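Novice: My structure is stored as data26.txt, with compact mmCIF, C-alpha atoms.
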# COMPACT_ATOMS: atom_id res chain seq x y z
CA MET P 468 -18.76 23.95 -11.29
CA THR P 469 -15.15 24.79 -10.54
CA ALA P 470 -13.47 23.75 -7.34
CA SER P 471 -13.58 27.24 -5.87
CA GLU P 472 -17.24 27.70 -6.77
CA SER P 473 -18.16 24.40 -5.25
CA LEU P 474 -16.32 25.27 -2.06
CA ALA P 475 -18.00 28.67 -1.93
CA ALA P 476 -21.38 27.01 -2.30
CA GLY P 477 -20.53 24.79 0.62
CA LYS P 478 -20.26 21.73 -1.53
CA LEU P 479 -17.06 19.89 -2.28
CA ALA P 480 -17.08 17.98 -5.56
CA VAL P 481 -14.97 14.93 -4.96
CA PRO P 482 -14.61 11.61 -6.76
CA GLN P 483 -15.66 8.42 -5.05
CA TYR P 484 -13.97 5.10 -5.74
CA GLY P 485 -16.00 2.01 -6.57
CA SER P 486 -16.17 -1.08 -4.44
CA ALA P 487 -13.70 -3.95 -4.72
CA VAL P 488 -15.97 -6.27 -2.74
CA GLY P 489 -15.50 -9.88 -3.77
CA VAL P 490 -12.26 -9.16 -5.62
CA HIS P 491 -9.63 -9.17 -2.90
CA PRO P 492 -8.95 -12.24 -0.76
CA PRO P 493 -10.63 -12.37 2.66
CA LEU P 494 -8.09 -11.49 5.35
CA ASP P 495 -9.00 -14.65 7.22
CA SER P 496 -7.92 -17.46 4.88
CA PRO P 497 -7.24 -20.53 7.01
CA GLY P 498 -5.29 -22.31 4.26
CA TYR P 499 -2.65 -19.59 4.51
CA ARG P 500 -1.04 -20.33 7.84
CA SER P 501 0.55 -16.92 8.39
CA SER P 502 -2.92 -15.36 8.47
CA THR P 503 -3.86 -17.30 11.61
CA LEU P 504 -2.42 -14.84 14.13
CA ARG P 505 -2.39 -11.77 11.90
CA ALA P 506 -5.81 -11.48 10.29
CA PRO P 507 -8.14 -9.23 12.31
CA HIS P 508 -11.11 -10.97 13.93
CA GLN P 509 -13.38 -7.94 14.29
CA PRO P 510 -15.45 -6.86 11.31
CA LEU P 511 -14.13 -3.89 9.32
CA VAL P 512 -15.82 -0.54 10.02
CA ARG P 513 -17.03 1.34 6.96
CA LEU P 514 -14.99 4.49 6.31
CA PRO P 515 -16.78 7.05 4.11
CA GLN P 516 -14.37 8.34 1.45
CA GLY P 517 -13.34 11.82 2.50
CA LEU P 518 -10.51 14.09 1.46
CA THR P 519 -7.83 11.89 3.01
CA GLU P 520 -9.07 8.84 1.13
CA ILE P 521 -9.66 10.37 -2.32
CA THR P 522 -6.21 11.95 -2.37
CA GLY P 523 -2.91 10.12 -2.12
CA PRO P 524 0.81 10.39 -2.74
CA LEU P 525 1.64 11.26 -6.35
CA LEU P 526 5.07 9.72 -6.37
CA GLY P 527 6.74 9.88 -9.71
CA PRO P 528 9.98 10.48 -11.56
CA GLU P 529 11.75 11.91 -8.50
CA ARG P 530 11.78 8.44 -6.96
CA VAL P 531 13.27 6.54 -9.93
CA THR P 532 16.14 6.56 -12.36
CA ALA P 533 15.90 5.06 -15.85
CA SER P 534 18.05 2.07 -14.90
CA ASP P 535 15.72 1.09 -12.02
CA ALA P 536 13.40 -0.65 -14.50
CA ASP P 537 16.13 -3.09 -15.58
CA LEU P 538 16.85 -5.63 -12.82
CA THR P 539 19.56 -7.31 -14.90
CA ILE P 540 22.00 -4.41 -14.76
CA GLY P 541 23.92 -2.65 -12.01
CA HIS P 542 26.06 -5.63 -11.07
CA PRO P 543 29.46 -6.79 -12.32
CA GLY P 544 27.91 -9.49 -14.50
CA GLU P 545 24.61 -10.70 -15.93
CA PRO P 546 22.26 -12.59 -13.62
CA LEU P 547 21.63 -16.26 -14.32
CA GLY P 548 18.28 -17.33 -15.68
CA GLU P 549 15.82 -16.63 -18.42
CA ARG P 550 15.84 -12.93 -19.37
CA ILE P 551 12.29 -11.57 -19.67
CA ILE P 552 10.41 -8.36 -20.40
CA VAL P 553 7.34 -7.66 -18.27
CA SER P 554 5.16 -4.89 -19.62
CA GLY P 555 1.58 -3.71 -19.60
CA ARG P 556 -0.69 -0.89 -18.60
CA VAL P 557 -2.09 0.42 -15.34
CA LEU P 558 -5.79 1.23 -15.74
CA ASP P 559 -8.70 1.94 -13.48
CA SER P 560 -11.83 -0.18 -13.64
CA ASP P 561 -13.47 2.45 -15.88
CA GLY P 562 -10.77 1.70 -18.44
CA ARG P 563 -8.89 4.95 -17.95
CA PRO P 564 -5.08 4.73 -17.95
CA VAL P 565 -3.27 5.72 -14.76
CA PRO P 566 -0.30 7.82 -15.93
CA ASP P 567 2.79 8.93 -14.00
CA THR P 568 2.33 6.48 -11.15
CA LEU P 569 5.09 4.68 -9.29
CA ILE P 570 5.37 0.89 -9.56
CA GLU P 571 7.75 -1.03 -7.31
CA ILE P 572 8.58 -4.72 -7.80
CA TRP P 573 10.62 -7.37 -6.02
CA GLN P 574 11.22 -11.04 -6.69
CA ALA P 575 13.27 -14.19 -6.15
CA ASN P 576 16.17 -15.04 -8.45
CA ALA P 577 16.07 -17.70 -11.17
CA SER P 578 16.76 -20.40 -8.57
CA GLY P 579 13.87 -19.37 -6.37
CA ARG P 580 15.97 -17.61 -3.72
CA TYR P 581 15.41 -14.10 -2.39
CA ALA P 582 18.37 -11.86 -1.60
CA HIS P 583 17.09 -11.53 1.98
CA HIS P 584 18.57 -12.81 5.24
CA VAL P 585 15.32 -14.52 6.25
CA ASP P 586 15.25 -16.71 3.14
CA ASN P 587 17.05 -19.95 4.06
CA HIS P 588 16.12 -21.94 0.96
CA SER P 589 19.17 -23.98 -0.09
CA ALA P 590 19.03 -22.70 -3.68
CA PRO P 591 21.97 -20.44 -4.55
CA LEU P 592 22.04 -16.68 -4.31
CA ASP P 593 23.06 -14.85 -7.48
CA PRO P 594 25.67 -12.15 -6.87
CA ASN P 595 24.41 -10.40 -10.00
CA PHE P 596 20.78 -10.18 -8.97
CA ALA P 597 19.27 -8.12 -6.14
CA GLY P 598 15.66 -8.51 -7.27
CA ALA P 599 14.20 -5.02 -6.79
CA GLY P 600 13.00 -2.60 -9.46
CA ARG P 601 10.83 0.44 -9.94
CA CYS P 602 9.44 2.59 -12.70
CA VAL P 603 6.81 5.24 -13.38
CA THR P 604 4.00 4.70 -15.90
CA ASP P 605 4.05 6.89 -19.00
CA SER P 606 1.25 9.22 -20.13
CA LEU P 607 -0.77 6.22 -21.35
CA GLY P 608 -0.30 4.24 -18.15
CA ARG P 609 2.29 1.92 -19.70
CA TYR P 610 5.17 0.33 -17.80
CA ARG P 611 8.05 -1.97 -18.76
CA PHE P 612 10.55 -3.96 -16.72
CA VAL P 613 13.48 -6.11 -17.83
CA THR P 614 14.31 -8.88 -15.39
CA ILE P 615 14.85 -12.64 -15.17
CA LYS P 616 12.12 -15.19 -14.67
CA PRO P 617 11.90 -15.97 -10.95
CA GLY P 618 12.04 -19.59 -9.81
CA SER P 619 9.45 -21.43 -7.76
CA TYR P 620 10.47 -22.04 -4.17
CA PRO P 621 9.44 -24.13 -1.17
CA TRP P 622 7.83 -22.61 1.91
CA ARG P 623 6.68 -23.97 5.21
CA ASN P 624 2.94 -23.42 4.96
CA HIS P 625 2.19 -27.15 4.70
CA HIS P 626 3.96 -30.36 3.74
CA ASN P 627 5.73 -30.04 0.37
CA ALA P 628 4.43 -26.50 -0.19
CA TRP P 629 5.83 -24.58 -3.19
CA ARG P 630 4.97 -21.10 -4.39
CA PRO P 631 4.22 -20.65 -8.07
CA ALA P 632 6.78 -18.31 -9.67
CA HIS P 633 5.74 -14.70 -9.11
CA ILE P 634 6.85 -11.08 -9.06
CA HIS P 635 5.59 -8.80 -6.26
CA PHE P 636 4.06 -5.53 -7.48
CA SER P 637 3.25 -2.41 -5.44
CA LEU P 638 1.12 0.42 -6.89
CA PHE P 639 -0.19 3.73 -5.60
CA GLY P 640 -2.61 4.93 -8.28
CA ARG P 641 -3.89 8.46 -7.66
CA ALA P 642 -5.62 8.00 -4.32
CA PHE P 643 -5.30 6.25 -0.98
CA THR P 644 -8.26 4.08 -2.02
CA GLN P 645 -6.33 2.76 -5.03
CA ARG P 646 -3.24 1.52 -3.18
CA LEU P 647 -2.52 -2.07 -4.22
CA VAL P 648 0.13 -4.65 -3.45
CA THR P 649 -0.17 -7.90 -5.39
CA GLN P 650 1.73 -10.63 -7.22
CA MET P 651 2.05 -11.36 -10.92
CA TYR P 652 2.21 -14.99 -11.99
CA PHE P 653 3.29 -16.77 -15.18
CA PRO P 654 1.04 -18.75 -17.53
CA SER P 655 0.38 -22.47 -17.04
CA ASP P 656 2.15 -22.82 -13.71
CA PRO P 657 1.47 -26.35 -12.40
CA LEU P 658 1.50 -25.01 -8.83
CA PHE P 659 -1.58 -22.79 -9.15
CA ALA P 660 -4.03 -25.43 -7.98
CA LEU P 661 -1.96 -26.10 -4.85
CA ASP P 662 -1.15 -22.55 -3.74
CA PRO P 663 -3.23 -21.16 -0.84
CA ILE P 664 -2.17 -17.57 -1.56
CA PHE P 665 -3.26 -17.64 -5.21
CA ASN P 666 -6.43 -19.54 -4.27
CA SER P 667 -7.28 -17.14 -1.44
CA ILE P 668 -8.97 -15.01 -4.12
CA PRO P 669 -12.53 -16.32 -4.00
CA ASP P 670 -13.49 -15.61 -7.62
CA ALA P 671 -11.74 -17.82 -10.18
CA VAL P 672 -12.13 -15.16 -12.87
CA ALA P 673 -10.49 -12.54 -10.66
CA ARG P 674 -7.70 -14.99 -9.82
CA GLU P 675 -6.84 -15.36 -13.51
CA ARG P 676 -6.21 -11.61 -13.68
CA LEU P 677 -2.97 -12.16 -11.78
CA ILE P 678 -1.56 -14.38 -14.54
CA SER P 679 0.51 -12.64 -17.20
CA ALA P 680 0.29 -13.67 -20.84
CA PHE P 681 3.21 -14.67 -23.03
CA ASP P 682 3.38 -12.15 -25.87
CA ILE P 683 5.45 -12.79 -28.99
CA ASP P 684 5.11 -9.14 -30.02
CA LEU P 685 6.70 -8.05 -26.77
CA THR P 686 9.41 -10.69 -27.14
CA GLU P 687 12.68 -9.37 -28.55
CA PRO P 688 14.47 -11.64 -31.04
CA ASP P 689 17.64 -13.31 -29.75
CA TRP P 690 17.28 -11.49 -26.43
CA ALA P 691 14.26 -11.88 -24.12
CA LEU P 692 10.78 -13.40 -23.84
CA GLY P 693 7.91 -10.98 -23.29
CA TYR P 694 5.08 -11.27 -20.76
CA ARG P 695 2.18 -8.85 -20.80
CA TRP P 696 0.23 -7.96 -17.67
CA ASP P 697 -2.27 -5.15 -17.18
CA ILE P 698 -3.10 -3.97 -13.67
CA VAL P 699 -6.55 -2.57 -12.91
CA LEU P 700 -7.16 -0.29 -9.93
CA ARG P 701 -10.51 0.80 -8.52
CA GLY P 702 -12.36 3.23 -10.78
CA ARG P 703 -14.11 6.40 -9.73
CA THR P 704 -17.24 8.42 -10.14
CA ALA P 705 -17.72 12.12 -9.41
CA THR P 706 -19.91 12.99 -6.49
CA VAL P 707 -20.54 15.90 -4.19
CA PHE P 708 -20.47 16.19 -0.48
CA GLU P 709 -21.72 19.07 1.62
CA THR P 710 -19.59 20.81 4.16
CA GLN P 711 -20.96 21.95 7.48
CA GLU P 712 -20.35 25.55 6.47
CA GLY P 713 -22.77 25.18 3.57
CA ARG P 714 -25.74 24.13 5.65
CA MET E 898 -16.91 -3.97 -20.86
CA SER E 899 -15.04 -2.46 -17.97
CA PRO E 900 -11.91 -4.31 -16.91
CA GLY E 901 -12.04 -6.23 -13.64
CA ILE E 902 -10.07 -4.99 -10.65
CA THR E 903 -6.76 -6.73 -9.99
CA PRO E 904 -6.93 -8.65 -6.70
CA SER E 905 -4.56 -8.05 -3.81
CA GLN E 906 -1.95 -10.55 -2.60
CA THR E 907 0.23 -10.50 0.49
CA VAL E 908 3.52 -8.56 0.51
CA GLY E 909 5.09 -11.74 1.89
CA PRO E 910 8.12 -11.95 4.18
CA PHE E 911 10.58 -10.30 1.80
CA LEU E 912 9.03 -6.87 1.29
CA ALA E 913 12.26 -5.35 2.62
CA ILE E 914 13.86 -6.10 -0.76
CA GLY E 915 11.53 -3.79 -2.63
CA LEU E 916 9.63 -1.33 -0.47
CA PRO E 917 11.57 0.50 2.26
CA TRP E 918 13.20 3.80 1.32
CA PRO E 919 15.98 5.43 3.32
CA ASP E 920 13.86 8.59 3.57
CA GLY E 921 10.58 6.69 3.96
CA PRO E 922 9.92 7.49 7.63
CA PHE E 923 10.56 11.20 7.08
CA VAL E 924 7.36 12.88 5.97
CA VAL E 925 9.40 15.97 6.79
CA PRO E 926 13.08 16.26 7.68
CA SER E 927 13.63 15.80 11.44
CA ASP E 928 14.80 19.39 11.90
CA THR E 929 11.58 20.89 10.48
CA PRO E 930 9.98 23.28 13.00
CA GLY E 931 6.97 21.57 14.57
CA ALA E 932 8.07 18.07 13.57
CA ILE E 933 6.58 15.28 15.67
CA VAL E 934 7.44 11.61 16.01
CA ILE E 935 4.77 8.92 15.82
CA GLU E 936 6.02 5.50 16.71
CA GLY E 937 4.74 2.22 17.99
CA ARG E 938 4.68 -1.50 17.48
CA VAL E 939 2.80 -3.83 15.19
CA LEU E 940 1.66 -6.86 17.22
CA ASP E 941 -0.02 -10.13 16.24
CA GLY E 942 -2.86 -12.01 17.91
CA GLY E 943 -0.44 -13.61 20.34
CA GLY E 944 0.94 -10.23 21.39
CA GLN E 945 4.18 -10.93 19.54
CA PRO E 946 5.89 -8.23 17.47
CA VAL E 947 5.50 -8.38 13.70
CA PRO E 948 9.02 -7.83 12.35
CA ASP E 949 8.07 -8.00 8.68
CA ALA E 950 5.37 -5.35 8.39
CA LEU E 951 5.27 -2.06 6.50
CA VAL E 952 3.35 0.91 7.90
CA GLU E 953 2.38 3.72 5.51
CA THR E 954 0.79 7.04 6.47
CA TRP E 955 -1.04 9.68 4.41
CA GLN E 956 -2.33 12.98 5.77
CA ALA E 957 -3.27 16.60 5.25
CA ASP E 958 -0.73 19.31 5.96
CA PRO E 959 -1.02 21.54 9.07
CA ALA E 960 -3.26 23.92 7.08
CA SER E 961 -5.65 21.02 6.31
CA ARG E 962 -4.67 20.86 2.64
CA PHE E 963 -3.47 18.23 0.19
CA ASP E 964 -1.04 18.67 -2.68
CA HIS E 965 -3.40 16.79 -4.98
CA PRO E 966 -5.58 17.79 -7.96
CA ASP E 967 -8.67 16.07 -6.53
CA ASP E 968 -8.73 18.26 -3.45
CA PRO E 969 -11.73 20.41 -4.51
CA ARG E 970 -10.34 23.35 -2.55
CA GLY E 971 -7.39 23.33 -4.97
CA PRO E 972 -4.02 21.68 -4.52
CA ALA E 973 -1.64 23.28 -2.05
CA ALA E 974 2.05 22.51 -1.94
CA GLY E 975 2.24 22.61 1.86
CA PRO E 976 5.27 23.48 3.94
CA ALA E 977 8.71 23.05 2.38
CA GLY E 978 9.90 19.46 2.43
CA PHE E 979 6.48 18.08 3.43
CA ARG E 980 5.69 14.86 1.49
CA ALA E 981 2.40 14.00 3.30
CA PHE E 982 3.32 10.33 2.86
CA GLY E 983 5.33 8.22 5.28
CA ARG E 984 6.59 4.66 4.99
CA SER E 985 8.32 2.67 7.72
CA ALA E 986 9.18 -1.01 7.77
CA THR E 987 9.05 -2.57 11.23
CA ASP E 988 12.28 -3.65 12.92
CA SER E 989 12.99 -6.96 14.65
CA GLU E 990 10.91 -5.79 17.66
CA GLY E 991 7.96 -4.75 15.50
CA ASN E 992 8.69 -1.04 15.87
CA TYR E 993 7.85 1.51 13.20
CA ARG E 994 8.47 5.26 13.30
CA VAL E 995 7.49 8.29 11.23
CA VAL E 996 8.51 11.92 11.56
CA THR E 997 5.85 14.33 10.39
CA LEU E 998 3.85 17.49 11.02
CA ARG E 999 0.48 17.53 12.72
CA PRO E 1000 -2.33 17.51 10.16
CA GLY E 1001 -5.17 20.02 10.26
CA ALA E 1002 -8.87 19.19 10.62
CA LEU E 1003 -10.91 18.48 7.46
CA PRO E 1004 -14.43 18.94 6.13
CA GLY E 1005 -15.98 15.47 6.23
CA PRO E 1006 -18.01 13.69 3.57
CA ASP E 1007 -21.17 13.60 5.67
CA GLY E 1008 -21.14 17.24 6.67
CA GLY E 1009 -19.16 17.13 9.91
CA THR E 1010 -15.58 18.07 10.60
CA GLU E 1011 -13.00 15.34 10.79
CA ALA E 1012 -10.51 15.74 13.62
CA PRO E 1013 -6.82 15.79 12.67
CA HIS E 1014 -5.83 12.30 11.58
CA LEU E 1015 -3.52 10.22 9.42
CA ASP E 1016 -4.74 7.37 7.25
CA VAL E 1017 -2.64 4.26 7.77
CA SER E 1018 -2.06 1.15 5.64
CA VAL E 1019 -0.40 -1.87 7.21
CA PHE E 1020 1.07 -4.59 5.03
CA ALA E 1021 2.61 -7.83 6.29
CA ARG E 1022 3.18 -11.48 5.60
CA GLY E 1023 -0.08 -13.11 6.64
CA LEU E 1024 -2.19 -10.17 5.44
CA LEU E 1025 -3.64 -11.01 2.03
CA ASP E 1026 -4.78 -7.41 1.66
CA ARG E 1027 -3.57 -4.29 3.46
CA VAL E 1028 -5.43 -3.30 6.60
CA VAL E 1029 -6.44 0.35 6.92
CA THR E 1030 -6.72 2.31 10.13
CA ARG E 1031 -6.48 5.93 11.30
CA ILE E 1032 -4.27 7.71 13.80
CA TYR E 1033 -5.95 10.47 15.84
CA PHE E 1034 -4.27 12.48 18.61
CA SER E 1035 -4.91 12.21 22.36
CA ASP E 1036 -4.57 15.96 22.89
CA GLU E 1037 -7.40 16.75 20.44
CA ALA E 1038 -10.18 15.60 22.76
CA ALA E 1039 -12.76 18.18 21.66
CA ALA E 1040 -12.13 17.61 17.95
CA ASN E 1041 -12.11 13.85 18.44
CA ALA E 1042 -15.45 14.02 20.28
CA ALA E 1043 -16.99 15.68 17.21
CA ASP E 1044 -15.35 13.41 14.63
CA PRO E 1045 -17.91 11.47 12.59
CA VAL E 1046 -15.59 8.52 11.94
CA LEU E 1047 -14.72 8.06 15.61
CA ALA E 1048 -18.43 8.36 16.40
CA SER E 1049 -19.11 5.43 14.07
CA VAL E 1050 -16.78 3.19 16.06
CA PRO E 1051 -18.02 1.31 19.15
CA ASP E 1052 -17.08 3.23 22.33
CA ALA E 1053 -14.99 0.42 23.73
CA ARG E 1054 -12.79 0.28 20.63
CA ARG E 1055 -12.33 4.01 19.95
CA ASP E 1056 -9.12 4.30 21.95
CA THR E 1057 -7.40 1.93 19.54
CA LEU E 1058 -7.42 4.80 17.01
CA ILE E 1059 -5.87 7.41 19.28
CA ALA E 1060 -2.12 8.02 19.48
CA VAL E 1061 -1.07 8.86 23.00
CA GLY E 1062 1.17 11.86 23.58
CA GLY E 1063 4.22 11.39 25.71
CA MET E 1064 7.87 12.11 26.21
CA ASP E 1065 10.18 11.32 23.32
CA PRO E 1066 12.75 8.85 24.67
CA ALA E 1067 15.18 10.44 22.23
CA GLY E 1068 14.54 13.85 23.79
CA GLY E 1069 12.90 15.43 20.75
CA GLY E 1070 9.77 17.55 20.37
CA GLY E 1071 6.20 16.32 19.97
CA TYR E 1072 5.92 12.58 20.49
CA PHE E 1073 3.04 10.13 20.11
CA ARG E 1074 2.74 6.37 20.50
CA PHE E 1075 0.38 4.32 18.39
CA ASP E 1076 0.43 0.52 18.45
CA VAL E 1077 -1.27 -1.60 15.82
CA ARG E 1078 -2.80 -4.78 17.25
CA LEU E 1079 -3.73 -6.91 14.29
CA GLN E 1080 -5.87 -9.37 16.24
CA GLY E 1081 -7.24 -10.26 19.65
CA GLU E 1082 -7.45 -8.21 22.83
CA ASN E 1083 -7.67 -4.47 22.08
CA GLU E 1084 -7.61 -5.26 18.37
CA THR E 1085 -7.14 -2.04 16.40
CA VAL E 1086 -10.18 -0.83 14.49
CA PHE E 1087 -9.65 -1.46 10.79
CA PHE E 1088 -11.69 0.18 8.08
CA ASP E 1089 -13.37 -0.84 4.87
CA VAL E 1090 -12.63 2.09 2.60
What would you get if you wrote out this structure as structure tokens?
Specialist:
Amino acid sequence: MTASESLAAGKLAVPQYGSAVGVHPPLDSPGYRSSTLRAPHQPLVRLPQGLTEITGPLLGPERVTASDADLTIGHPGEPLGERIIVSGRVLDSDGRPVPDTLIEIWQANASGRYAHHVDNHSAPLDPNFAGAGRCVTDSLGRYRFVTIKPGSYPWRNHHNAWRPAHIHFSLFGRAFTQRLVTQMYFPSDPLFALDPIFNSIPDAVARERLISAFDIDLTEPDWALGYRWDIVLRGRTATVFETQEGR
Amino acid sequence: MSPGITPSQTVGPFLAIGLPWPDGPFVVPSDTPGAIVIEGRVLDGGGQPVPDALVETWQADPASRFDHPDDPRGPAAGPAGFRAFGRSATDSEGNYRVVTLRPGALPGPDGGTEAPHLDVSVFARGLLDRVVTRIYFSDEAAANAADPVLASVPDARRDTLIAVGGMDPAGGGGYFRFDVRLQGENETVFFDV
């Protein structure tokens, strides 16, 4: 049935996105102090997926330039730290690639300091590193950033609290339901067991999905280490809903 | 085996490095005929402003259409310059602001008609996942009364989803206020989508 036929018949064929129940952290996570006054107390109300939810902004090449995917350029000199390549694919949970979708990232510098006025960590700023990047996935859902490995840094959540090194990722997918903001971590970080943000994810298997893998094939000789990380958004199934006009 | 979904993590306090765009708040340019302003504050459970939040909006165009291949009525480009998507970081007083066009009503998934609305995502330090809400309009009383989503919300909380029309302090055209109260008294209704 084509879209126009389905509309004429009073039925709108629209995809529905599968549940992410049990995957995302609960909003109320007492170990994460900032959630105390910000996490809603009332239960969420179920929102059936309608046209507003199964569509979404298709932001692509118009929002990026080729150099936006390399965080080590655009300054007078090279940033300090360990140069790395971060690459992978964006998929949905049915295994389909998500092409032509905008990815935005931001991160601390190699010393564990953000180029942001609120960050008062005593580690040095790097005049050659701003810490923001963006790119659009290719037709197979692949992305690739060049950056430097961010440092761990202290925060005030509890005594002697340190965040494991991470890069913030923001993704749109193809629909409002697929919007995701998350963090990518690095393998074997000794801080994992102590971090309330990482451990806010209830399922240990799901938690591991945020950890990138060192990849020698992605590593470029004499230049940069490679880390591979695939990102999986909610998958979808076709379904039909009736309009009032069709009854 | 199907791959597992990647879990969410908080945007943290430094989202301003990576997410705001200069044109983010402008779903349409300010001088677009019919442009309205929606603004308000994001507040925490203590009533304090949240200065490190990001508010994103997504909506149909005034003709009730989406420029998207999954709209079964066929994609429609919409009015010139209309992006359908808005993004505003909050300022030091917790204020956000978007400039947009009023969306049209939509056929709903359960057979009814959804009143004009915007879907809203709010991200902030302290939120381990985005929270999702909707903005409806106070001058659409009849459409709101028939809206199946509003009907699913307890009476006493429904007003938290309705932007209130008023006078633009900047002297512009259509103007609506919509505050997001993350927690506590008059807590905004948030959705599981």
Novice: Using all atoms listed in the file for the distances, tell me which of E:Pro930, E:Pro922, E:Gly901, E:Gly991 is nearest to E:Arg1078.
Specialist: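 Ranked by minimum distance to E:Arg1078, first place goes to E:Gly991.
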Novice: From the options E:Pro1013, E:Gly975, E:Gly983, E:Gly1023, which residue's atoms come nearest to chain P, counting all atoms listed in the file?
Specialist: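 Comparing E:Pro1013, E:Gly975, E:Gly983, E:Gly1023 against chain P, the winner is E:Gly1023.
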Novice: Please check the contacts: residues of chain P at most 6 Å away from chain E, using only C-alpha atoms, listed as a ChimeraX atom specification.
Specialist: /P:470,479-480,490-491,494,501-502,504-505,507-508,511-514,517,560-562,573,599,648-650,698-700,708-711
Novice: Can you work out which one of P:Asn595, P:Gln645, P:Thr704, P:Gln483 has the shortest atom-to-atom distance to P:His542, counting all atoms listed in the file?
Specialist: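 Of all the options, P:Asn595 lies closest to P:His542.
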Novice: Distance atom CA of P:Gly555-atom CA of P:Phe659, one decimal place?
Specialist: 22.0 Å
Novice: Choose the residue, out of E:Ile933, E:Ala950, E:Val995, E:Ala1012, that has the smallest atom-to-atom separation from E:Ala1048; count all atoms listed in the file.
Specialist: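 Distance minimum relative to E:Ala1048 lands on E:Ala1012.
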Novice: Please, what distance in Å, to one decimal, runs between atom CA of P:Glu687 and atom CA of P:Phe639?
Specialist: 29.4 Å
Novice: Pick out the residues sitting within 9 Å of P:Leu526, and hand them over as an MDAnalysis selection string; count all atoms listed in the file, and ignore anything fewer than 6 positions along from it in its own chain.
Specialist: chainID P and resid 567:569 603 639
Novice: For the residues in the current selection, export C-alpha atoms as an mmCIF file, in the coordinates of the input.
Specialist:
data_model
loop_
_atom_site.group_PDB
_atom_site.id
_atom_site.type_symbol
_atom_site.label_atom_id
_atom_site.label_comp_id
_atom_site.auth_asym_id
_atom_site.auth_seq_id
_atom_site.Cartn_x
_atom_site.Cartn_y
_atom_site.Cartn_z
ATOM 1 C CA ASP P 567 2.790 8.930 -14.000
ATOM 2 C CA THR P 568 2.330 6.480 -11.150
ATOM 3 C CA LEU P 569 5.090 4.680 -9.290
ATOM 4 C CA VAL P 603 6.810 5.240 -13.380
ATOM 5 C CA PHE P 639 -0.190 3.730 -5.600
#
Novice: So how many Å separate atom CA of E:Tyr1072 and atom CA of E:Asn992, to one decimal?
Specialist: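 For atom CA of E:Tyr1072 relative to atom CA of E:Asn992, the distance reads 14.6 Å.
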Novice: Give me the residues within 6 Å of stretch 936-939 of chain E as number ranges by chain, counting all atoms listed in the file and dropping any in the same chain fewer than 2 places off.
Specialist: E: 946-947, 991-994, 1074-1077
Novice: Of the residues E:Arg1055, E:Val1019, E:Gly1071, E:Ala974, which is the one nearest to E:Gly931, using only C-alpha atoms?
Specialist: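 So, comparing all the options, the nearest one is E:Gly1071.
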Novice: Quick one: everything within 8 Å of P:Tyr620, counting all atoms listed in the file, minus sequence neighbours fewer than 2 positions away in the same chain. Send it as a list of chain:residue names.
Specialist: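 My reading of the contact set: P:Ser578, P:Gly579, P:Arg580, P:His588, P:Gly618, P:Trp622, P:Trp629, P:Arg630, P:Pro631, P:Ala632.
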Novice: Quick one: everything within 6 Å of P:Ser637, counting only C-alpha atoms, minus sequence neighbours fewer than 6 positions away in the same chain. Send it as a PyMOL selection string.
Specialist: chain P and resi 570-571+647-648
Novice: Residues as selected, C-alpha atoms, written as a short mmCIF file (atom, residue, chain, number, x, y, z; two decimals), keeping the file's coordinate frame, can you do that?
Specialist:
data_model
loop_
_atom_site.label_atom_id
_atom_site.label_comp_id
_atom_site.auth_asym_id
_atom_site.auth_seq_id
_atom_site.Cartn_x
_atom_site.Cartn_y
_atom_site.Cartn_z
CA ILE P 570 5.37 0.89 -9.56
CA GLU P 571 7.75 -1.03 -7.31
CA LEU P 647 -2.52 -2.07 -4.22
CA VAL P 648 0.13 -4.65 -3.45
#
Novice: Write out as a ChimeraX atom specification which residues come within 10 Å of P:Arg500 when counting all atoms listed in the file, dropping same-chain ones fewer than 2 positions away.
Specialist: /P:495-498,502-505,623-625,663-664 /E:1023
